[in-house]
Amino acid sequence: MSASQPPFIPHQAGDPAELDYSSPHGDDPGALSRDRVPVRSMTEADLEPMIAIDRRATGEDRSAYYKRKQREAMRETGIRVSLVAELDGHPVGFIMARVDYGEFGHTEPQAVMDTIGVDPGYRGRGVGRALMSQLIANLASLRVDHIRTQLDWNDVGLISYLDNAGFTPAQCVVLSRKLDG
């Protein structure tokens, strides 16, 4: 052992210097939101609850959209990153994303977040924060360094949520053209 290295002291159980941030029952403000709201990988059985959450949130039936997006998330991607949050024994929120290893001339891995939904009855309880926190942790373990998404300019609530989650406007312009016909 060199003189510059401190001697190795094994960890002792119950060491008061070690803090446990994993307890979902603690009131420590440093505890992670995903510890308070259980988040798990999405399964095919989550389709109907997701459609119901979206219907309660938007007042619209977008079943076809969710069927297509879940099929893509479950069967057409090599890496599943879509998540579901549960409280009171049932799904209360979801986030659908995929990993892209390059497009439009870029070869770095990045994620695309397609959809996020939280049951209106569970808003304000950290569900969205837990979903985003777990997604970011999962993507970081895959060495993905960017998440991008697209939203309606007038969706002030979603813009505020994404701003609080650390998103900023991208340095690119998305162009669109309506096709005649």
# chains A, B, ... in the order shown; residues from 1 in each chain; ligands from 1
call {"tool": "residues_around", "arguments": {"residues": "range 84-92 of chain A", "least_positions_apart": "3", "cutoff": "9 Å", "atoms": "only C-alpha atoms", "output": "ChimeraX atom specification"}}
result
/A:34,37-43,46,49-50,53,95-96,117-122,127-128,130-131
call {"tool": "residues_around", "arguments": {"residues": "Phe167 in chain A", "least_positions_apart": "5", "cutoff": "9 Å", "atoms": "only C-alpha atoms", "output": "VMD selection string"}}
result
chain A and resid 147 to 148 159 161 to 162
call {"tool": "write_last_selection", "arguments": {"atoms": "N, CA and C atoms", "output": "PDB file, in the first residue's frame"}}
result
ATOM      1  N   ILE A 147     -32.377  12.496 -25.955  1.00  0.00           N
ATOM      2  CA  ILE A 147     -33.780  12.127 -26.142  1.00  0.00           C
ATOM      3  C   ILE A 147     -34.413  13.279 -26.900  1.00  0.00           C
ATOM      4  N   ARG A 148     -35.176  12.939 -27.901  1.00  0.00           N
ATOM      5  CA  ARG A 148     -35.900  13.996 -28.611  1.00  0.00           C
ATOM      6  C   ARG A 148     -37.367  13.641 -28.692  1.00  0.00           C
ATOM      7  N   ILE A 159     -45.242  21.450 -22.672  1.00  0.00           N
ATOM      8  CA  ILE A 159     -43.991  22.209 -22.805  1.00  0.00           C
ATOM      9  C   ILE A 159     -43.411  22.498 -21.426  1.00  0.00           C
ATOM     10  N   TYR A 161     -43.926  20.775 -18.613  1.00  0.00           N
ATOM     11  CA  TYR A 161     -43.448  19.508 -18.054  1.00  0.00           C
ATOM     12  C   TYR A 161     -42.077  19.153 -18.631  1.00  0.00           C
ATOM     13  N   LEU A 162     -41.943  19.214 -19.954  1.00  0.00           N
ATOM     14  CA  LEU A 162     -40.680  18.851 -20.593  1.00  0.00           C
ATOM     15  C   LEU A 162     -39.567  19.831 -20.224  1.00  0.00           C
TER      16      LEU A 162
END
call {"tool": "residues_around", "arguments": {"residues": "Val99 in chain A", "least_positions_apart": "4", "cutoff": "9 Å", "atoms": "only C-alpha atoms", "output": "ChimeraX atom specification"}}
result
/A:77-81,109-113,139,144,147
call {"tool": "write_last_selection", "arguments": {"atoms": "N, CA and C atoms", "output": "PDB file, in the first residue's frame"}}
result
ATOM      1  N   THR A  77     -38.865  -3.399 -32.399  1.00  0.00           N
ATOM      2  CA  THR A  77     -37.645  -2.777 -31.922  1.00  0.00           C
ATOM      3  C   THR A  77     -36.829  -3.812 -31.173  1.00  0.00           C
ATOM      4  N   GLY A  78     -35.532  -3.731 -31.306  1.00  0.00           N
ATOM      5  CA  GLY A  78     -34.664  -4.676 -30.622  1.00  0.00           C
ATOM      6  C   GLY A  78     -34.517  -4.370 -29.142  1.00  0.00           C
ATOM      7  N   ILE A  79     -34.682  -3.110 -28.774  1.00  0.00           N
ATOM      8  CA  ILE A  79     -34.509  -2.696 -27.386  1.00  0.00           C
ATOM      9  C   ILE A  79     -35.812  -2.063 -26.913  1.00  0.00           C
ATOM     10  N   ARG A  80     -36.423  -2.665 -25.927  1.00  0.00           N
ATOM     11  CA  ARG A  80     -37.682  -2.145 -25.384  1.00  0.00           C
ATOM     12  C   ARG A  80     -37.389  -1.157 -24.261  1.00  0.00           C
ATOM     13  N   VAL A  81     -37.835   0.070 -24.428  1.00  0.00           N
ATOM     14  CA  VAL A  81     -37.595   1.087 -23.402  1.00  0.00           C
ATOM     15  C   VAL A  81     -38.884   1.730 -22.907  1.00  0.00           C
ATOM     16  N   PRO A 109     -26.313   7.196 -31.031  1.00  0.00           N
ATOM     17  CA  PRO A 109     -27.568   6.662 -30.514  1.00  0.00           C
ATOM     18  C   PRO A 109     -28.380   7.748 -29.813  1.00  0.00           C
ATOM     19  N   GLN A 110     -29.629   7.800 -30.129  1.00  0.00           N
ATOM     20  CA  GLN A 110     -30.533   8.725 -29.458  1.00  0.00           C
ATOM     21  C   GLN A 110     -31.890   8.070 -29.321  1.00  0.00           C
ATOM     22  N   ALA A 111     -32.670   8.580 -28.406  1.00  0.00           N
ATOM     23  CA  ALA A 111     -33.998   8.027 -28.170  1.00  0.00           C
ATOM     24  C   ALA A 111     -35.039   9.010 -28.674  1.00  0.00           C
ATOM     25  N   VAL A 112     -36.159   8.460 -29.083  1.00  0.00           N
ATOM     26  CA  VAL A 112     -37.306   9.263 -29.490  1.00  0.00           C
ATOM     27  C   VAL A 112     -38.438   8.922 -28.530  1.00  0.00           C
ATOM     28  N   MET A 113     -38.939   9.941 -27.855  1.00  0.00           N
ATOM     29  CA  MET A 113     -40.074   9.754 -26.960  1.00  0.00           C
ATOM     30  C   MET A 113     -41.320  10.125 -27.746  1.00  0.00           C
ATOM     31  N   LEU A 139     -31.964   4.667 -20.448  1.00  0.00           N
ATOM     32  CA  LEU A 139     -31.266   5.094 -21.664  1.00  0.00           C
ATOM     33  C   LEU A 139     -29.795   5.353 -21.397  1.00  0.00           C
ATOM     34  N   VAL A 144     -27.150   5.916 -24.470  1.00  0.00           N
ATOM     35  CA  VAL A 144     -27.878   6.851 -25.323  1.00  0.00           C
ATOM     36  C   VAL A 144     -27.674   8.229 -24.714  1.00  0.00           C
ATOM     37  N   ILE A 147     -32.377  12.496 -25.955  1.00  0.00           N
ATOM     38  CA  ILE A 147     -33.780  12.127 -26.142  1.00  0.00           C
ATOM     39  C   ILE A 147     -34.413  13.279 -26.900  1.00  0.00           C
TER      40      ILE A 147
END
call {"tool": "closest_residue", "arguments": {"among": "A:Ala52, A:Gln134, A:Leu47, A:Lys178", "to": "Lys67 in chain A", "atoms": "only C-alpha atoms"}}
result
A:Leu47
call {"tool": "closest_residue", "arguments": {"among": "A:His146, A:Arg177, A:Lys69, A:Arg129", "to": "Thr115 in chain A", "atoms": "only C-alpha atoms"}}
result
A:Lys69
call {"tool": "atom_distance", "arguments": {"atom1": "CA of Pro169 in chain A", "atom2": "CA of Arg143 in chain A"}}
result
21.7 Å
call {"tool": "closest_residue", "arguments": {"among": "A:Ala73, A:Gly157, A:Asn138, A:Gln150", "to": "Arg123 in chain A", "atoms": "only C-alpha atoms"}}
result
A:Gly157
